[in-house]
>>> print(open('data_9.cif').read())   # mmCIF, C-alpha atoms
data_structure
loop_
_atom_site.group_PDB
_atom_site.id
_atom_site.type_symbol
_atom_site.label_atom_id
_atom_site.label_comp_id
_atom_site.auth_asym_id
_atom_site.auth_seq_id
_atom_site.Cartn_x
_atom_site.Cartn_y
_atom_site.Cartn_z
ATOM 1 C CA MET A 1 -8.362 119.882 -49.097
ATOM 2 C CA PRO A 2 -7.975 120.480 -45.395
ATOM 3 C CA LEU A 3 -4.531 120.875 -43.950
ATOM 4 C CA ASP A 4 -4.678 117.750 -41.725
ATOM 5 C CA TYR A 5 -5.369 115.072 -44.373
ATOM 6 C CA ASP A 6 -3.601 111.715 -44.677
ATOM 7 C CA LYS A 7 -0.886 112.181 -47.316
ATOM 8 C CA GLY A 8 -0.436 108.452 -47.753
ATOM 9 C CA ALA A 9 -4.071 107.877 -48.674
ATOM 10 C CA TYR A 10 -4.536 111.042 -50.672
ATOM 11 C CA PRO A 11 -1.362 112.155 -52.395
ATOM 12 C CA GLU A 12 -1.297 115.657 -53.764
ATOM 13 C CA PRO A 13 -2.114 116.033 -57.464
ATOM 14 C CA PRO A 14 0.810 117.013 -59.661
ATOM 15 C CA ARG A 15 1.410 120.721 -60.075
ATOM 16 C CA GLN A 16 1.807 120.469 -63.889
ATOM 17 C CA THR A 17 0.571 117.998 -66.452
ATOM 18 C CA PRO A 18 3.352 115.563 -67.220
ATOM 19 C CA VAL A 19 4.832 115.585 -70.721
ATOM 20 C CA VAL A 20 4.166 112.438 -72.732
ATOM 21 C CA ASP A 21 7.393 110.639 -73.581
ATOM 22 C CA LYS A 22 7.486 109.569 -77.197
ATOM 23 C CA GLN A 23 8.983 106.153 -77.688
ATOM 24 C CA THR A 24 9.343 106.533 -81.461
ATOM 25 C CA ALA A 25 10.345 109.224 -83.930
ATOM 26 C CA LEU A 26 7.498 108.332 -86.349
ATOM 27 C CA PRO A 27 4.440 110.610 -86.407
ATOM 28 C CA ASP A 28 1.100 109.412 -85.095
ATOM 29 C CA PRO A 29 -0.860 107.661 -87.905
ATOM 30 C CA ALA A 30 -4.224 108.776 -86.462
ATOM 31 C CA VAL A 31 -3.231 112.423 -86.828
ATOM 32 C CA ILE A 32 -2.006 111.806 -90.376
ATOM 33 C CA LEU A 33 -5.263 110.053 -91.369
ATOM 34 C CA SER A 34 -7.464 112.710 -89.784
ATOM 35 C CA LYS A 35 -5.593 115.519 -91.581
ATOM 36 C CA LEU A 36 -5.654 113.551 -94.831
ATOM 37 C CA PHE A 37 -9.437 113.120 -94.531
ATOM 38 C CA PHE A 38 -9.933 116.771 -93.587
ATOM 39 C CA TYR A 39 -7.952 118.210 -96.511
ATOM 40 C CA SER A 40 -9.021 115.670 -99.146
ATOM 41 C CA VAL A 41 -12.731 115.201 -98.327
ATOM 42 C CA ASP A 42 -14.130 117.533 -95.693
ATOM 43 C CA LEU A 43 -12.605 120.845 -96.783
ATOM 44 C CA PRO A 44 -13.508 120.599 -100.532
ATOM 45 C CA VAL A 45 -17.051 119.463 -99.759
ATOM 46 C CA THR A 46 -17.549 122.258 -97.233
ATOM 47 C CA LYS A 47 -16.178 124.899 -99.613
ATOM 48 C CA PHE A 48 -18.377 123.624 -102.457
ATOM 49 C CA ARG A 49 -21.481 123.615 -100.241
ATOM 50 C CA ASP A 50 -20.745 127.162 -99.042
ATOM 51 C CA ALA A 51 -20.287 128.356 -102.639
ATOM 52 C CA VAL A 52 -23.535 126.751 -103.784
ATOM 53 C CA SER A 53 -25.492 128.049 -100.789
ATOM 54 C CA SER A 54 -24.207 131.592 -101.362
ATOM 55 C CA ILE A 55 -25.301 131.424 -105.013
ATOM 56 C CA ARG A 56 -28.706 130.051 -104.026
ATOM 57 C CA ALA A 57 -29.106 132.742 -101.356
ATOM 58 C CA ARG A 58 -28.736 135.429 -104.029
ATOM 59 C CA ASN A 59 -31.235 133.758 -106.393
ATOM 60 C CA LYS A 60 -33.746 132.753 -103.760
ATOM 61 C CA THR A 61 -37.219 132.075 -105.108
ATOM 62 C CA VAL A 62 -40.139 131.736 -102.792
ATOM 63 C CA TYR A 63 -41.947 128.518 -103.549
ATOM 64 C CA TYR A 64 -45.371 129.689 -102.435
ATOM 65 C CA HIS A 65 -45.468 132.729 -104.742
ATOM 66 C CA GLN A 66 -45.415 130.968 -108.060
ATOM 67 C CA LYS A 67 -46.280 133.330 -110.882
ATOM 68 C CA PHE A 68 -48.134 131.990 -113.899
ATOM 69 C CA ARG A 69 -48.371 133.905 -117.143
ATOM 70 C CA ARG A 70 -51.886 134.808 -118.221
ATOM 71 C CA VAL A 71 -53.050 132.529 -120.995
ATOM 72 C CA PRO A 72 -55.689 133.332 -123.589
ATOM 73 C CA ASP A 73 -59.299 132.981 -122.565
ATOM 74 C CA LEU A 74 -61.400 130.141 -123.919
ATOM 75 C CA THR A 75 -63.010 132.566 -126.367
ATOM 76 C CA GLU A 76 -59.609 133.336 -127.915
ATOM 77 C CA CYS A 77 -58.691 129.688 -128.609
ATOM 78 C CA GLN A 78 -58.806 128.377 -132.166
ATOM 79 C CA GLU A 79 -61.249 125.560 -132.880
ATOM 80 C CA GLY A 80 -59.628 122.196 -132.212
ATOM 81 C CA ASP A 81 -56.674 123.667 -130.255
ATOM 82 C CA TYR A 82 -56.857 121.306 -127.310
ATOM 83 C CA LEU A 83 -53.716 122.626 -125.673
ATOM 84 C CA CYS A 84 -55.231 126.107 -125.610
ATOM 85 C CA TYR A 85 -58.441 124.636 -124.157
ATOM 86 C CA TYR A 86 -56.439 122.947 -121.416
ATOM 87 C CA GLU A 87 -54.421 126.083 -120.594
ATOM 88 C CA ALA A 88 -57.586 128.184 -120.502
ATOM 89 C CA ASN A 89 -59.236 125.667 -118.196
ATOM 90 C CA MET A 90 -56.219 125.654 -115.865
ATOM 91 C CA GLN A 91 -56.223 129.464 -115.855
ATOM 92 C CA TRP A 92 -59.924 129.424 -115.023
ATOM 93 C CA LYS A 93 -59.300 127.008 -112.120
ATOM 94 C CA ARG A 94 -56.583 129.296 -110.730
ATOM 95 C CA ASP A 95 -58.908 132.286 -111.036
ATOM 96 C CA TYR A 96 -61.660 130.273 -109.339
ATOM 97 C CA LYS A 97 -59.422 129.467 -106.369
ATOM 98 C CA VAL A 98 -58.272 133.094 -106.126
ATOM 99 C CA ASP A 99 -61.883 134.262 -106.117
ATOM 100 C CA GLN A 100 -62.731 131.730 -103.398
ATOM 101 C CA GLU A 101 -59.897 133.068 -101.250
ATOM 102 C CA ILE A 102 -61.031 136.653 -101.845
ATOM 103 C CA VAL A 103 -64.513 135.764 -100.619
ATOM 104 C CA LYS A 104 -63.025 134.041 -97.548
ATOM 105 C CA ILE A 105 -60.848 137.050 -96.703
ATOM 106 C CA ILE A 106 -63.737 139.513 -97.045
ATOM 107 C CA GLN A 107 -65.907 137.220 -94.911
ATOM 108 C CA GLN A 108 -63.195 137.041 -92.230
ATOM 109 C CA ARG A 109 -62.942 140.843 -92.193
ATOM 110 C CA MET A 110 -66.704 141.157 -91.823
ATOM 111 C CA ARG A 111 -66.828 138.589 -88.997
ATOM 112 C CA ALA A 112 -63.890 140.240 -87.218
ATOM 113 C CA CYS A 113 -65.700 143.557 -87.382
ATOM 114 C CA GLN A 114 -68.898 141.969 -86.067
ATOM 115 C CA GLN A 115 -66.958 140.351 -83.218
ATOM 116 C CA ARG A 116 -65.169 143.591 -82.394
ATOM 117 C CA GLU A 117 -68.251 145.847 -82.511
ATOM 118 C CA GLY A 118 -70.697 143.503 -80.807
ATOM 119 C CA ALA A 119 -74.341 144.597 -80.809
ATOM 120 C CA SER A 120 -73.717 147.797 -82.780
ATOM 121 C CA PHE A 121 -72.113 146.049 -85.749
ATOM 122 C CA GLU A 122 -74.961 146.980 -88.128
ATOM 123 C CA GLN A 123 -74.024 150.655 -88.111
ATOM 124 C CA ASN A 124 -70.275 150.334 -87.489
ATOM 125 C CA CYS A 125 -69.606 147.506 -89.971
ATOM 126 C CA ALA A 126 -71.879 148.697 -92.766
ATOM 127 C CA LYS A 127 -68.940 149.114 -95.162
ATOM 128 C CA GLU A 128 -67.665 145.561 -94.546
ATOM 129 C CA VAL A 129 -71.161 144.053 -94.826
ATOM 130 C CA GLN A 130 -71.836 145.956 -98.056
ATOM 131 C CA GLN A 131 -68.456 144.850 -99.479
ATOM 132 C CA PHE A 132 -69.145 141.234 -98.505
ATOM 133 C CA ASN A 133 -72.595 141.328 -100.128
ATOM 134 C CA GLU A 134 -71.127 142.752 -103.327
ATOM 135 C CA VAL A 135 -68.305 140.179 -103.474
ATOM 136 C CA THR A 136 -70.634 137.237 -102.805
ATOM 137 C CA ARG A 137 -73.131 138.510 -105.397
ATOM 138 C CA ASN A 138 -70.369 138.729 -108.018
ATOM 139 C CA TYR A 139 -69.000 135.318 -107.034
ATOM 140 C CA GLN A 140 -72.451 133.753 -107.177
ATOM 141 C CA SER A 141 -73.229 135.322 -110.554
ATOM 142 C CA ARG A 142 -69.990 133.977 -112.013
ATOM 143 C CA TYR A 143 -69.606 130.576 -110.336
ATOM 144 C CA GLY A 144 -73.010 129.762 -108.866
ATOM 145 C CA ASP A 145 -74.945 126.734 -110.216
ATOM 146 C CA LEU A 146 -71.881 125.324 -112.011
ATOM 147 C CA GLY A 147 -71.843 122.194 -109.891
ATOM 148 C CA GLY A 148 -68.986 120.025 -108.750
ATOM 149 C CA ASN A 149 -67.514 119.489 -112.217
ATOM 150 C CA ALA A 150 -67.179 123.167 -113.006
ATOM 151 C CA ASN A 151 -64.819 124.143 -115.790
ATOM 152 C CA ALA A 152 -64.085 127.080 -118.065
ATOM 153 C CA ARG A 153 -66.486 125.935 -120.781
ATOM 154 C CA LYS A 154 -69.467 125.702 -118.389
ATOM 155 C CA CYS A 155 -68.619 129.086 -116.906
ATOM 156 C CA LEU A 156 -68.393 130.609 -120.396
ATOM 157 C CA MET A 157 -71.792 129.150 -121.327
ATOM 158 C CA LYS A 158 -73.293 130.565 -118.122
ATOM 159 C CA GLN A 159 -71.827 133.974 -118.927
ATOM 160 C CA LYS A 160 -73.246 133.756 -122.449
ATOM 161 C CA GLU A 161 -76.711 132.910 -121.059
ATOM 162 C CA ARG A 162 -76.493 135.877 -118.662
ATOM 163 C CA MET A 163 -75.563 138.206 -121.511
ATOM 164 C CA MET A 164 -78.413 136.900 -123.672
ATOM 165 C CA ALA A 165 -80.875 137.359 -120.788
ATOM 166 C CA ALA A 166 -79.627 140.933 -120.259
ATOM 167 C CA GLN A 167 -80.045 141.692 -123.958
ATOM 168 C CA ALA A 168 -83.581 140.221 -123.900
ATOM 169 C CA GLN A 169 -84.484 142.434 -120.943
ATOM 170 C CA ASN A 170 -83.120 145.546 -122.660
ATOM 171 C CA ALA A 171 -84.942 144.795 -125.923
#
>>> encode(input="data_9.cif", output="structure tokens")
Amino acid sequence: MPLDYDKGAYPEPPRQTPVVDKQTALPDPAVILSKLFFYSVDLPVTKFRDAVSSIRARNKTVYYHQKFRRVPDLTECQEGDYLCYYEANMQWKRDYKVDQEIVKIIQQRMRACQQREGASFEQNCAKEVQQFNEVTRNYQSRYGDLGGNANARKCLMKQKERMMAAQAQNA
């Protein structure tokens, strides 16, 4: 404030905060209720949550890396064991999806190499192209012509037909 201000219109602020005069000797009920809530509800819940979260942090499992045990193949199932058939089919479906992802990854590597090398990709990306051709040939020989309702039984029959054709060629 400037030195020549009107003291009647603008009195000076107090130098210290005034002390509140208590009119009663009883404690404030709001303070009592807030402390009662803190110690009876908030503190135990917070301590429990911290204890549980520390235990969970030590035993943290990653949800997207679920590990399945390998189940017997369809050829190892006893006749009429439908649970074994189901488990073998589910295992085959997981293997099918893994093989699809492998083909996609190899294809992405080949395309990245082609993009990076440009016109001279045929000589510089020969290893990636050869690997892609091998992976797609294996994928096609195993899963090709199975159709939309592919399952472990159809794949096993296709494998059996391939083996019989190979034996007929060798004979």
>>> closest_residue(input="data_9.cif", among="A:Asn89, A:Ser53, A:Ser141, A:Ser120", to="A:Met163", atoms="only C-alpha atoms")
A:Ser141
>>> resolve_selection(input="data_9.cif", expression="the PyMOL selection byres ((chain A and resi 73) around 12)", output="short mmCIF file (atom, residue, chain, number, x, y, z; two decimals) with C-alpha atoms, in the frame of the given file")
data_model
loop_
_atom_site.label_atom_id
_atom_site.label_comp_id
_atom_site.auth_asym_id
_atom_site.auth_seq_id
_atom_site.Cartn_x
_atom_site.Cartn_y
_atom_site.Cartn_z
CA ARG A 70 -51.89 134.81 -118.22
CA VAL A 71 -53.05 132.53 -121.00
CA PRO A 72 -55.69 133.33 -123.59
CA LEU A 74 -61.40 130.14 -123.92
CA THR A 75 -63.01 132.57 -126.37
CA GLU A 76 -59.61 133.34 -127.92
CA CYS A 77 -58.69 129.69 -128.61
CA GLN A 78 -58.81 128.38 -132.17
CA CYS A 84 -55.23 126.11 -125.61
CA TYR A 85 -58.44 124.64 -124.16
CA TYR A 86 -56.44 122.95 -121.42
CA GLU A 87 -54.42 126.08 -120.59
CA ALA A 88 -57.59 128.18 -120.50
CA ASN A 89 -59.24 125.67 -118.20
CA MET A 90 -56.22 125.65 -115.86
CA GLN A 91 -56.22 129.46 -115.86
CA TRP A 92 -59.92 129.42 -115.02
CA ASP A 95 -58.91 132.29 -111.04
CA ALA A 152 -64.08 127.08 -118.06
CA ARG A 153 -66.49 125.94 -120.78
CA CYS A 155 -68.62 129.09 -116.91
CA LEU A 156 -68.39 130.61 -120.40
#
>>> axis_aligned_box(input="data_9.cif", around="stretch 68-83 of chain A", padding_each_side="3 Å", output="JSON")
{"center_x": -55.6, "center_y": 128.1, "center_z": -123.4, "size_x": 20.9, "size_y": 19.5, "size_z": 25.0}
>>> closest_residue(input="data_9.cif", among="A:Gln115, A:Gly144, A:Arg109, A:Glu161", to="A:Lys127", atoms="only C-alpha atoms")
A:Arg109
>>> residues_around(input="data_9.cif", residues="A:Ile102", least_positions_apart="5", cutoff="10 Å", atoms="all atoms listed in the file", output="MDAnalysis selection string")
chainID A and resid 96:97 107:108 132 135:136 139
>>> write_last_selection(input="data_9.cif", atoms="C-alpha atoms", output="JSON list (two decimals), in the coordinates of the input")
[["chain", "number", "residue", "atom", "x", "y", "z"],
["A", 96, "TYR", "CA", -61.66, 130.27, -109.34],
["A", 97, "LYS", "CA", -59.42, 129.47, -106.37],
["A", 107, "GLN", "CA", -65.91, 137.22, -94.91],
["A", 108, "GLN", "CA", -63.20, 137.04, -92.23],
["A", 132, "PHE", "CA", -69.14, 141.23, -98.50],
["A", 135, "VAL", "CA", -68.31, 140.18, -103.47],
["A", 136, "THR", "CA", -70.63, 137.24, -102.80],
["A", 139, "TYR", "CA", -69.00, 135.32, -107.03]]
>>> decode(input="data_9.cif", residues="stretch 51-71 of chain A", atoms="N, CA, C and O atoms", output="compact mmCIF listing (two decimals), in the first residue's frame")
# COMPACT_ATOMS: atom_id res chain seq x y z
N ALA A 51 -1.74 -54.03 3.17
CA ALA A 51 -1.23 -55.39 3.40
C ALA A 51 -1.59 -56.30 2.23
O ALA A 51 -0.74 -57.06 1.74
N VAL A 52 -2.81 -56.22 1.76
CA VAL A 52 -3.23 -57.07 0.64
C VAL A 52 -2.47 -56.70 -0.63
O VAL A 52 -2.03 -57.57 -1.38
N SER A 53 -2.31 -55.41 -0.89
CA SER A 53 -1.61 -55.00 -2.11
C SER A 53 -0.13 -55.38 -2.07
O SER A 53 0.46 -55.71 -3.09
N SER A 54 0.48 -55.38 -0.88
CA SER A 54 1.88 -55.82 -0.80
C SER A 54 2.00 -57.32 -1.04
O SER A 54 2.96 -57.77 -1.66
N ILE A 55 1.02 -58.09 -0.57
CA ILE A 55 1.04 -59.54 -0.82
C ILE A 55 0.82 -59.81 -2.30
O ILE A 55 1.50 -60.64 -2.91
N ARG A 56 -0.12 -59.09 -2.91
CA ARG A 56 -0.39 -59.29 -4.33
C ARG A 56 0.77 -58.84 -5.20
O ARG A 56 1.00 -59.39 -6.27
N ALA A 57 1.52 -57.83 -4.75
CA ALA A 57 2.66 -57.35 -5.53
C ALA A 57 3.76 -58.42 -5.58
O ALA A 57 4.46 -58.53 -6.58
N ARG A 58 3.89 -59.19 -4.49
CA ARG A 58 4.90 -60.25 -4.49
C ARG A 58 4.48 -61.42 -5.37
O ARG A 58 5.32 -62.05 -6.00
N ASN A 59 3.19 -61.73 -5.41
CA ASN A 59 2.69 -62.87 -6.18
C ASN A 59 1.99 -62.40 -7.45
O ASN A 59 0.93 -62.90 -7.79
N LYS A 60 2.60 -61.48 -8.14
CA LYS A 60 1.95 -60.89 -9.31
C LYS A 60 2.01 -61.85 -10.49
O LYS A 60 3.09 -62.31 -10.87
N THR A 61 0.87 -62.17 -11.05
CA THR A 61 0.81 -62.99 -12.24
C THR A 61 0.37 -62.12 -13.39
O THR A 61 -0.51 -61.27 -13.24
N VAL A 62 0.98 -62.33 -14.52
CA VAL A 62 0.65 -61.54 -15.69
C VAL A 62 -0.48 -62.25 -16.41
O VAL A 62 -0.39 -63.42 -16.74
N TYR A 63 -1.58 -61.54 -16.62
CA TYR A 63 -2.77 -62.18 -17.13
C TYR A 63 -2.63 -62.59 -18.59
O TYR A 63 -3.30 -63.48 -19.05
N TYR A 64 -1.76 -61.95 -19.34
CA TYR A 64 -1.68 -62.27 -20.76
C TYR A 64 -0.62 -63.32 -21.07
O TYR A 64 -0.36 -63.59 -22.22
N HIS A 65 -0.02 -63.92 -20.06
CA HIS A 65 0.93 -65.01 -20.28
C HIS A 65 0.43 -66.26 -19.57
O HIS A 65 1.13 -66.84 -18.75
N GLN A 66 -0.78 -66.64 -19.89
CA GLN A 66 -1.34 -67.82 -19.25
C GLN A 66 -0.66 -69.06 -19.81
O GLN A 66 -0.49 -69.20 -21.02
N LYS A 67 -0.24 -69.94 -18.92
CA LYS A 67 0.46 -71.14 -19.34
C LYS A 67 -0.48 -72.34 -19.19
O LYS A 67 -1.00 -72.58 -18.11
N PHE A 68 -0.66 -73.08 -20.27
CA PHE A 68 -1.48 -74.27 -20.25
C PHE A 68 -0.56 -75.47 -20.27
O PHE A 68 0.46 -75.47 -20.94
N ARG A 69 -0.93 -76.51 -19.55
CA ARG A 69 -0.14 -77.74 -19.61
C ARG A 69 -0.44 -78.43 -20.94
O ARG A 69 -1.53 -78.31 -21.48
N ARG A 70 0.53 -79.14 -21.46
CA ARG A 70 0.32 -79.87 -22.70
C ARG A 70 -0.54 -81.09 -22.39
O ARG A 70 -0.29 -81.83 -21.45
N VAL A 71 -1.56 -81.27 -23.18
CA VAL A 71 -2.46 -82.41 -22.98
C VAL A 71 -2.13 -83.46 -24.03
O VAL A 71 -1.48 -83.18 -25.03
